[in-house]
Amino acid sequence: MNINNIAKNVFEIEAREIAELSKKLTVDFEKAVNSILESKGKLIISGMGKSGIIGRKIAATMASTGTPSFFLHPGEAYHGDLGMIERDDIVLLISNSGETDEVLRLIPFLKAQKNILIGMSAKIDSTLAKNSSYHLNISVKEEACPLQLAPTSSTTATLVMGDALAVALMKLRDFKDRDFAQFHPGGSLGRRLLTTAENVMQSKNLPICSLDDNIKEIIQTVSDGKMGLSIMMEGDEIRGIITDGDIRRAMESKQEQFFSLKAVDLMSENPKMVNSKSKLTDVQKVMTDYKVNSLLVCEDKKLLGVIQIYDIGI
């Protein structure tokens with residue numbers, strides 16, 4: 001029995017079932033998206049068992065992409081948490097069979113409160129489907145489980161339908177990466193989008209040389225600074241920069257006069273700079289565009305610090 005072949009078979013089955021989902025979309029999908037988009041309330045998602053687990057993920061995706069949302073356990077809802085559902089809220093109920101008792105128990109309350117109800121099930125004639133304002137068909141022909149018992153293809157289809165809702169809403173809201181970062185300040189993307197150069201730059205004991213410093217002084221400054229570079233200054237004016245790469249190249253190309261070189265002979269003029277308020281995403285773009293690992297951070301042409309590639313967490 002080839003284990004890799006088993007895995008490939010699972011991938012093929014589930015990929016096939018996901019591909020079939022697009023054929024099951026109806027006008028209800030568009031109406032469901034528009035109703036969520038126009039709602040003044042939240043999107044509340046509920047489901048039992050594996051459907052509930054998928055529902056939690058869909059709610060998390062919605063909440064992080066501009067749609068206020070949370071998961072409500074149907075059992076807890078029926079025992080007091082129904083008060084979390086307000087009249088302006090839209091409720092998405094998930095049940096593969098469309099007949100899950102704990103889920104169906106919520107319907108009378110939702111109808112009485114006149115909430116828009118989106119049902120997600122595998123049967124278009126199920127109790128859930130018949131009582132939904134809009135129904136999303138998540139049926140599959142084959143589970144990846146060889147016994148056709150464990151939810152596999154069906155839970156994947158449910159998850160993908162939820163992702164389709166979330167992505168449609170993102171596009172209609174013109175949701176940008178900066179918006180995403182607002183909800184993910186602790187993630188690497190959020191950090192790069194919300195943090196500025198001045199927040200992470202190195203500003204103390206900067207490696208600075210004068211134009212007439214000799215090669216030994218330059219090497220010592222680069223070594224002591226531990227940034228792989230030295231900044232050439234003339235008073236308060238930035239004149240250039242020397243990297244350890246510049247020194248190595250000079251050793252190869254100017255061997256005879258190497259030890260007589262001055263900083264002015266080695267430096268690269270017009271070093272790349274960013275403003276202290278530059279977002280880390282902008283800093284990253286400058287580094288990528290110019291293929292450099294370090295940038296000077298300046299304000300009104302005044303040197304404030306140095307930011308390097310490892311400072312922005314790439």
# chains A, B, ... in the order shown; residues from 1 in each chain; ligands from 1
>>> select_by_dssp(residues="segment 176-271 of chain A", states="helix (DSSP H, G or I)", output="PyMOL selection string")
chain A and resi 177-182+188-194+197-200+215-225+244-253+258-260+263-266
>>> write_last_selection(atoms="N, CA and C atoms", output="tab-separated table (two decimals), in the first residue's frame")
chain	number	residue	atom	x	y	z
A	177	ASP	N	-4.77	45.82	1.95
A	177	ASP	CA	-3.83	45.21	2.89
A	177	ASP	C	-3.67	46.03	4.15
A	178	ARG	N	-3.78	47.35	4.05
A	178	ARG	CA	-3.67	48.19	5.24
A	178	ARG	C	-4.87	47.98	6.16
A	179	ASP	N	-6.04	47.72	5.56
A	179	ASP	CA	-7.22	47.42	6.37
A	179	ASP	C	-7.01	46.09	7.09
A	180	PHE	N	-6.45	45.12	6.37
A	180	PHE	CA	-6.19	43.81	6.96
A	180	PHE	C	-5.23	43.94	8.14
A	181	ALA	N	-4.24	44.80	7.99
A	181	ALA	CA	-3.25	44.97	9.05
A	181	ALA	C	-3.86	45.53	10.32
A	182	GLN	N	-4.91	46.35	10.18
A	182	GLN	CA	-5.55	46.91	11.37
A	182	GLN	C	-6.09	45.82	12.28
A	188	SER	N	3.11	39.47	11.05
A	188	SER	CA	4.23	40.07	10.31
A	188	SER	C	3.73	41.11	9.31
A	189	LEU	N	2.58	40.84	8.66
A	189	LEU	CA	2.04	41.83	7.72
A	189	LEU	C	1.61	43.08	8.46
A	190	GLY	N	0.88	42.89	9.58
A	190	GLY	CA	0.44	44.04	10.36
A	190	GLY	C	1.61	44.86	10.85
A	191	ARG	N	2.65	44.18	11.27
A	191	ARG	CA	3.83	44.89	11.76
A	191	ARG	C	4.43	45.75	10.66
A	192	ARG	N	4.57	45.21	9.46
A	192	ARG	CA	5.19	45.96	8.37
A	192	ARG	C	4.30	47.10	7.89
A	193	LEU	N	2.99	46.95	8.01
A	193	LEU	CA	2.07	47.98	7.52
A	193	LEU	C	1.82	49.08	8.54
A	194	LEU	N	1.94	48.76	9.81
A	194	LEU	CA	1.60	49.73	10.85
A	194	LEU	C	2.82	50.33	11.53
A	197	ALA	N	9.62	53.38	10.16
A	197	ALA	CA	11.07	53.22	10.22
A	197	ALA	C	11.64	53.67	11.56
A	198	GLU	N	11.11	54.76	12.10
A	198	GLU	CA	11.66	55.27	13.35
A	198	GLU	C	11.41	54.32	14.53
A	199	ASN	N	10.42	53.42	14.38
A	199	ASN	CA	10.12	52.49	15.46
A	199	ASN	C	11.16	51.39	15.59
A	200	VAL	N	11.84	51.07	14.51
A	200	VAL	CA	12.77	49.93	14.54
A	200	VAL	C	14.20	50.29	14.14
A	215	ILE	N	41.84	54.03	5.49
A	215	ILE	CA	41.19	52.73	5.35
A	215	ILE	C	41.15	51.96	6.66
A	216	LYS	N	42.21	52.10	7.48
A	216	LYS	CA	42.21	51.39	8.76
A	216	LYS	C	41.10	51.92	9.67
A	217	GLU	N	40.92	53.23	9.68
A	217	GLU	CA	39.88	53.83	10.51
A	217	GLU	C	38.48	53.43	10.02
A	218	ILE	N	38.35	53.33	8.70
A	218	ILE	CA	37.06	52.93	8.12
A	218	ILE	C	36.73	51.50	8.51
A	219	ILE	N	37.71	50.60	8.35
A	219	ILE	CA	37.49	49.19	8.69
A	219	ILE	C	37.15	49.04	10.16
A	220	GLN	N	37.82	49.80	11.02
A	220	GLN	CA	37.55	49.74	12.46
A	220	GLN	C	36.13	50.22	12.76
A	221	THR	N	35.71	51.29	12.08
A	221	THR	CA	34.36	51.82	12.29
A	221	THR	C	33.30	50.83	11.84
A	222	VAL	N	33.52	50.23	10.67
A	222	VAL	CA	32.57	49.23	10.16
A	222	VAL	C	32.49	48.05	11.12
A	223	SER	N	33.64	47.61	11.61
A	223	SER	CA	33.68	46.47	12.53
A	223	SER	C	32.99	46.79	13.84
A	224	ASP	N	33.28	47.96	14.41
A	224	ASP	CA	32.68	48.33	15.69
A	224	ASP	C	31.18	48.57	15.58
A	225	GLY	N	30.74	49.09	14.42
A	225	GLY	CA	29.32	49.41	14.25
A	225	GLY	C	28.45	48.19	14.07
A	244	ASP	N	30.86	46.99	3.71
A	244	ASP	CA	31.95	46.02	3.76
A	244	ASP	C	32.20	45.44	2.37
A	245	GLY	N	31.15	45.42	1.54
A	245	GLY	CA	31.32	44.98	0.15
A	245	GLY	C	32.21	45.93	-0.63
A	246	ASP	N	32.06	47.25	-0.38
A	246	ASP	CA	32.91	48.23	-1.05
A	246	ASP	C	34.37	48.01	-0.68
A	247	ILE	N	34.60	47.69	0.59
A	247	ILE	CA	35.97	47.48	1.06
A	247	ILE	C	36.57	46.24	0.39
A	248	ARG	N	35.82	45.17	0.32
A	248	ARG	CA	36.32	43.94	-0.30
A	248	ARG	C	36.64	44.14	-1.78
A	249	ARG	N	35.76	44.86	-2.46
A	249	ARG	CA	35.99	45.10	-3.89
A	249	ARG	C	37.23	45.98	-4.10
A	250	ALA	N	37.43	46.95	-3.19
A	250	ALA	CA	38.61	47.81	-3.30
A	250	ALA	C	39.88	47.01	-3.05
A	251	MET	N	39.83	46.04	-2.15
A	251	MET	CA	40.99	45.20	-1.87
A	251	MET	C	41.41	44.41	-3.12
A	252	GLU	N	40.43	44.03	-3.93
A	252	GLU	CA	40.70	43.24	-5.12
A	252	GLU	C	41.16	44.10	-6.29
A	253	SER	N	40.51	45.25	-6.45
A	253	SER	CA	40.78	46.07	-7.63
A	253	SER	C	41.86	47.13	-7.42
A	258	PHE	N	45.68	50.30	-1.87
A	258	PHE	CA	44.56	50.08	-0.94
A	258	PHE	C	44.77	50.79	0.40
A	259	PHE	N	45.94	50.64	1.00
A	259	PHE	CA	46.14	51.18	2.33
A	259	PHE	C	46.37	52.69	2.34
A	260	SER	N	46.40	53.28	1.18
A	260	SER	CA	46.51	54.73	1.11
A	260	SER	C	45.17	55.40	0.79
A	263	ALA	N	38.35	57.70	2.85
A	263	ALA	CA	36.91	57.44	2.78
A	263	ALA	C	36.31	58.02	1.50
A	264	VAL	N	36.75	59.21	1.13
A	264	VAL	CA	36.20	59.86	-0.06
A	264	VAL	C	36.47	59.06	-1.32
A	265	ASP	N	37.53	58.24	-1.30
A	265	ASP	CA	37.87	57.42	-2.47
A	265	ASP	C	36.98	56.18	-2.60
A	266	LEU	N	36.39	55.75	-1.50
A	266	LEU	CA	35.63	54.50	-1.48
A	266	LEU	C	34.12	54.68	-1.47
>>> select_by_dssp(residues="segment 52-282 of chain A", states="strand (DSSP E or B)", output="MDAnalysis selection string")
chainID A and resid 69:71 90:94 116:121 134:137 196 202 208:210 214 229:234 237:243 262 268 273:275 279
>>> write_last_selection(atoms="C-alpha atoms", output="PDB file, in the first residue's frame")
ATOM      1  CA  SER A  69     -18.641  38.317  12.796  1.00  0.00           C
ATOM      2  CA  PHE A  70     -18.527  35.755  15.574  1.00  0.00           C
ATOM      3  CA  PHE A  71     -19.378  32.100  16.093  1.00  0.00           C
ATOM      4  CA  ILE A  90     -27.600  38.177   9.775  1.00  0.00           C
ATOM      5  CA  VAL A  91     -27.291  34.540  10.799  1.00  0.00           C
ATOM      6  CA  LEU A  92     -25.486  31.844   8.826  1.00  0.00           C
ATOM      7  CA  LEU A  93     -26.519  28.339   9.906  1.00  0.00           C
ATOM      8  CA  ILE A  94     -24.391  25.410   8.749  1.00  0.00           C
ATOM      9  CA  ILE A 116     -32.060  37.297   7.564  1.00  0.00           C
ATOM     10  CA  LEU A 117     -31.119  33.625   7.628  1.00  0.00           C
ATOM     11  CA  ILE A 118     -28.493  32.149   5.307  1.00  0.00           C
ATOM     12  CA  GLY A 119     -28.527  28.373   5.263  1.00  0.00           C
ATOM     13  CA  MET A 120     -25.570  26.257   4.166  1.00  0.00           C
ATOM     14  CA  SER A 121     -26.361  22.583   3.594  1.00  0.00           C
ATOM     15  CA  TYR A 134     -30.935  32.341   1.021  1.00  0.00           C
ATOM     16  CA  HIS A 135     -29.521  28.832   0.633  1.00  0.00           C
ATOM     17  CA  LEU A 136     -25.966  27.845  -0.338  1.00  0.00           C
ATOM     18  CA  ASN A 137     -25.535  24.335  -1.723  1.00  0.00           C
ATOM     19  CA  THR A 196       7.342  53.000  10.833  1.00  0.00           C
ATOM     20  CA  GLN A 202      19.116  51.784  15.012  1.00  0.00           C
ATOM     21  CA  ILE A 208      30.234  57.440  11.160  1.00  0.00           C
ATOM     22  CA  CYS A 209      33.449  58.411   9.391  1.00  0.00           C
ATOM     23  CA  SER A 210      34.886  61.645   8.036  1.00  0.00           C
ATOM     24  CA  ASN A 214      42.006  56.328   6.214  1.00  0.00           C
ATOM     25  CA  LEU A 229      28.679  49.823   6.740  1.00  0.00           C
ATOM     26  CA  SER A 230      29.979  53.257   7.642  1.00  0.00           C
ATOM     27  CA  ILE A 231      28.317  56.600   6.947  1.00  0.00           C
ATOM     28  CA  MET A 232      30.408  59.440   5.551  1.00  0.00           C
ATOM     29  CA  MET A 233      29.565  62.781   7.160  1.00  0.00           C
ATOM     30  CA  GLU A 234      30.831  66.303   6.579  1.00  0.00           C
ATOM     31  CA  GLU A 237      25.686  66.646   5.889  1.00  0.00           C
ATOM     32  CA  ILE A 238      25.473  63.075   4.650  1.00  0.00           C
ATOM     33  CA  ARG A 239      28.020  62.636   1.873  1.00  0.00           C
ATOM     34  CA  GLY A 240      27.984  58.915   1.227  1.00  0.00           C
ATOM     35  CA  ILE A 241      28.231  55.399   2.526  1.00  0.00           C
ATOM     36  CA  ILE A 242      30.819  52.633   2.525  1.00  0.00           C
ATOM     37  CA  THR A 243      29.795  49.003   2.936  1.00  0.00           C
ATOM     38  CA  LYS A 262      40.625  57.625   2.092  1.00  0.00           C
ATOM     39  CA  SER A 268      29.121  55.659  -2.758  1.00  0.00           C
ATOM     40  CA  MET A 273      17.277  56.959   2.316  1.00  0.00           C
ATOM     41  CA  VAL A 274      13.768  56.749   3.768  1.00  0.00           C
ATOM     42  CA  ASN A 275      11.739  59.118   5.887  1.00  0.00           C
ATOM     43  CA  LYS A 279       5.941  52.271   6.825  1.00  0.00           C
TER      44      LYS A 279
END
>>> closest_residue(among="A:Met62, A:Val140, A:Met267, A:Ile85", to="Phe175 of chain A", atoms="only C-alpha atoms")
A:Met62
>>> closest_residue(among="A:Ser276, A:Ser203, A:Thr281, A:Asn4", to="Lys301 of chain A", atoms="only C-alpha atoms")
A:Ser276
>>> atom_distance(atom1="atom CA of Leu43 of chain A", atom2="atom CA of Lys23 of chain A")
25.4 Å
>>> residues_around(residues="segment 141-148 of chain A", least_positions_apart="5", cutoff="12 Å", atoms="only C-alpha atoms", output="list in words")
Ile6, Ala7, Lys8, Asn9, Val10, Phe11, Glu12, Ile13, Glu14, Ala15, Arg16, Glu17, Ile18, Ala19, Glu20, Leu21, Ala122, Lys123, Ser153, Ser154, Thr155, Thr156 and Ala157 of chain A
>>> residues_around(residues="segment 112-114 of chain A", least_positions_apart="6", cutoff="12 Å", atoms="only C-alpha atoms", output="list in words")
Leu82, Gly83, Ile85, Glu86, Arg87, Asp88, Asp89, Ile90, Val91, Leu106, Ser132 and Ser133 of chain A
>>> residues_around(residues="Val292 of chain A", least_positions_apart="2", cutoff="12 Å", atoms="only C-alpha atoms", output="JSON, numbers by chain")
{"A": [228, 229, 243, 245, 271, 272, 273, 283, 284, 285, 286, 287, 288, 289, 290, 294, 295, 296, 307, 308, 309, 310]}
>>> closest_residue(among="A:Ala129, A:Leu304, A:Leu169, A:Ile312", to="Ala63 of chain A", atoms="only C-alpha atoms")
A:Leu169
>>> atom_distance(atom1="atom CA of Val33 of chain A", atom2="atom CA of Gly66 of chain A")
13.1 Å
>>> atom_distance(atom1="atom CA of Thr158 of chain A", atom2="atom CA of Lys130 of chain A")
18.6 Å
>>> decode(residues="segment 50-151 of chain A", atoms="C-alpha atoms", output="PDB file, in the first residue's frame")
ATOM      1  CA  LYS A  50     -17.510  19.507  12.257  1.00  0.00           C
ATOM      2  CA  SER A  51     -19.786  22.136  10.732  1.00  0.00           C
ATOM      3  CA  GLY A  52     -19.296  24.182  13.867  1.00  0.00           C
ATOM      4  CA  ILE A  53     -15.519  23.871  13.618  1.00  0.00           C
ATOM      5  CA  ILE A  54     -15.624  25.099  10.030  1.00  0.00           C
ATOM      6  CA  GLY A  55     -18.061  27.812  11.091  1.00  0.00           C
ATOM      7  CA  ARG A  56     -15.564  29.124  13.633  1.00  0.00           C
ATOM      8  CA  LYS A  57     -12.952  29.445  10.928  1.00  0.00           C
ATOM      9  CA  ILE A  58     -15.348  31.241   8.577  1.00  0.00           C
ATOM     10  CA  ALA A  59     -16.295  33.666  11.345  1.00  0.00           C
ATOM     11  CA  ALA A  60     -12.613  34.333  12.045  1.00  0.00           C
ATOM     12  CA  THR A  61     -11.945  34.967   8.358  1.00  0.00           C
ATOM     13  CA  MET A  62     -14.904  37.331   8.117  1.00  0.00           C
ATOM     14  CA  ALA A  63     -13.906  39.263  11.234  1.00  0.00           C
ATOM     15  CA  SER A  64     -10.367  39.750   9.940  1.00  0.00           C
ATOM     16  CA  THR A  65     -11.454  40.923   6.495  1.00  0.00           C
ATOM     17  CA  GLY A  66     -13.915  43.671   7.341  1.00  0.00           C
ATOM     18  CA  THR A  67     -17.137  41.823   8.203  1.00  0.00           C
ATOM     19  CA  PRO A  68     -17.977  41.950  11.932  1.00  0.00           C
ATOM     20  CA  SER A  69     -18.641  38.317  12.796  1.00  0.00           C
ATOM     21  CA  PHE A  70     -18.527  35.755  15.574  1.00  0.00           C
ATOM     22  CA  PHE A  71     -19.378  32.100  16.093  1.00  0.00           C
ATOM     23  CA  LEU A  72     -22.288  31.122  18.317  1.00  0.00           C
ATOM     24  CA  HIS A  73     -22.609  27.540  19.500  1.00  0.00           C
ATOM     25  CA  PRO A  74     -26.214  26.410  18.819  1.00  0.00           C
ATOM     26  CA  GLY A  75     -26.451  24.546  22.108  1.00  0.00           C
ATOM     27  CA  GLU A  76     -25.311  27.559  24.107  1.00  0.00           C
ATOM     28  CA  ALA A  77     -27.594  29.784  22.044  1.00  0.00           C
ATOM     29  CA  TYR A  78     -30.627  27.700  22.927  1.00  0.00           C
ATOM     30  CA  HIS A  79     -29.714  27.904  26.607  1.00  0.00           C
ATOM     31  CA  GLY A  80     -29.423  31.654  26.986  1.00  0.00           C
ATOM     32  CA  ASP A  81     -27.035  33.055  24.384  1.00  0.00           C
ATOM     33  CA  LEU A  82     -29.754  33.943  21.890  1.00  0.00           C
ATOM     34  CA  GLY A  83     -29.604  37.394  23.443  1.00  0.00           C
ATOM     35  CA  MET A  84     -26.369  37.901  21.506  1.00  0.00           C
ATOM     36  CA  ILE A  85     -28.368  38.004  18.279  1.00  0.00           C
ATOM     37  CA  GLU A  86     -29.809  41.447  17.555  1.00  0.00           C
ATOM     38  CA  ARG A  87     -32.464  42.319  15.013  1.00  0.00           C
ATOM     39  CA  ASP A  88     -30.027  43.782  12.469  1.00  0.00           C
ATOM     40  CA  ASP A  89     -27.776  40.720  12.561  1.00  0.00           C
ATOM     41  CA  ILE A  90     -27.600  38.177   9.775  1.00  0.00           C
ATOM     42  CA  VAL A  91     -27.291  34.540  10.799  1.00  0.00           C
ATOM     43  CA  LEU A  92     -25.486  31.844   8.826  1.00  0.00           C
ATOM     44  CA  LEU A  93     -26.519  28.339   9.906  1.00  0.00           C
ATOM     45  CA  ILE A  94     -24.391  25.410   8.749  1.00  0.00           C
ATOM     46  CA  SER A  95     -25.600  21.818   8.670  1.00  0.00           C
ATOM     47  CA  ASN A  96     -24.492  19.332   6.044  1.00  0.00           C
ATOM     48  CA  SER A  97     -27.716  17.361   6.348  1.00  0.00           C
ATOM     49  CA  GLY A  98     -29.830  20.443   6.879  1.00  0.00           C
ATOM     50  CA  GLU A  99     -31.600  18.522   9.638  1.00  0.00           C
ATOM     51  CA  THR A 100     -29.335  19.026  12.663  1.00  0.00           C
ATOM     52  CA  ASP A 101     -31.701  19.403  15.607  1.00  0.00           C
ATOM     53  CA  GLU A 102     -29.642  21.910  17.599  1.00  0.00           C
ATOM     54  CA  VAL A 103     -29.395  24.138  14.533  1.00  0.00           C
ATOM     55  CA  LEU A 104     -33.048  23.886  13.534  1.00  0.00           C
ATOM     56  CA  ARG A 105     -34.139  24.900  17.034  1.00  0.00           C
ATOM     57  CA  LEU A 106     -32.799  28.378  16.365  1.00  0.00           C
ATOM     58  CA  ILE A 107     -35.013  28.987  13.343  1.00  0.00           C
ATOM     59  CA  PRO A 108     -38.282  29.928  15.162  1.00  0.00           C
ATOM     60  CA  PHE A 109     -36.475  32.591  17.190  1.00  0.00           C
ATOM     61  CA  LEU A 110     -34.743  33.998  14.109  1.00  0.00           C
ATOM     62  CA  LYS A 111     -37.969  34.130  12.154  1.00  0.00           C
ATOM     63  CA  ALA A 112     -39.789  35.811  15.044  1.00  0.00           C
ATOM     64  CA  GLN A 113     -37.027  38.404  15.274  1.00  0.00           C
ATOM     65  CA  LYS A 114     -37.023  38.754  11.458  1.00  0.00           C
ATOM     66  CA  ASN A 115     -33.319  38.089  11.041  1.00  0.00           C
ATOM     67  CA  ILE A 116     -32.060  37.297   7.564  1.00  0.00           C
ATOM     68  CA  LEU A 117     -31.119  33.625   7.628  1.00  0.00           C
ATOM     69  CA  ILE A 118     -28.493  32.149   5.307  1.00  0.00           C
ATOM     70  CA  GLY A 119     -28.527  28.373   5.263  1.00  0.00           C
ATOM     71  CA  MET A 120     -25.570  26.257   4.166  1.00  0.00           C
ATOM     72  CA  SER A 121     -26.361  22.583   3.594  1.00  0.00           C
ATOM     73  CA  ALA A 122     -25.909  19.721   1.156  1.00  0.00           C
ATOM     74  CA  LYS A 123     -29.620  19.251   0.518  1.00  0.00           C
ATOM     75  CA  ILE A 124     -31.704  21.861  -1.244  1.00  0.00           C
ATOM     76  CA  ASP A 125     -34.924  20.298   0.082  1.00  0.00           C
ATOM     77  CA  SER A 126     -33.778  20.083   3.716  1.00  0.00           C
ATOM     78  CA  THR A 127     -35.604  21.790   6.566  1.00  0.00           C
ATOM     79  CA  LEU A 128     -32.786  24.307   6.848  1.00  0.00           C
ATOM     80  CA  ALA A 129     -32.865  25.106   3.140  1.00  0.00           C
ATOM     81  CA  LYS A 130     -36.647  25.542   3.117  1.00  0.00           C
ATOM     82  CA  ASN A 131     -36.534  27.959   6.036  1.00  0.00           C
ATOM     83  CA  SER A 132     -33.578  30.037   4.852  1.00  0.00           C
ATOM     84  CA  SER A 133     -33.788  33.456   3.264  1.00  0.00           C
ATOM     85  CA  TYR A 134     -30.935  32.341   1.021  1.00  0.00           C
ATOM     86  CA  HIS A 135     -29.521  28.832   0.633  1.00  0.00           C
ATOM     87  CA  LEU A 136     -25.966  27.845  -0.338  1.00  0.00           C
ATOM     88  CA  ASN A 137     -25.535  24.335  -1.723  1.00  0.00           C
ATOM     89  CA  ILE A 138     -22.422  22.584  -0.364  1.00  0.00           C
ATOM     90  CA  SER A 139     -23.264  19.063  -1.530  1.00  0.00           C
ATOM     91  CA  VAL A 140     -20.535  16.636  -2.593  1.00  0.00           C
ATOM     92  CA  LYS A 141     -20.801  13.335  -4.445  1.00  0.00           C
ATOM     93  CA  GLU A 142     -17.916  11.657  -2.663  1.00  0.00           C
ATOM     94  CA  GLU A 143     -16.163  11.970   0.655  1.00  0.00           C
ATOM     95  CA  ALA A 144     -12.417  11.365   0.672  1.00  0.00           C
ATOM     96  CA  CYS A 145     -13.013   9.001   3.573  1.00  0.00           C
ATOM     97  CA  PRO A 146     -12.942   5.446   2.109  1.00  0.00           C
ATOM     98  CA  LEU A 147     -15.892   4.494   4.327  1.00  0.00           C
ATOM     99  CA  GLN A 148     -17.872   7.539   3.179  1.00  0.00           C
ATOM    100  CA  LEU A 149     -18.468   8.322   6.854  1.00  0.00           C
ATOM    101  CA  ALA A 150     -15.992  10.910   8.123  1.00  0.00           C
ATOM    102  CA  PRO A 151     -16.688  14.449   6.840  1.00  0.00           C
TER     103      PRO A 151
END
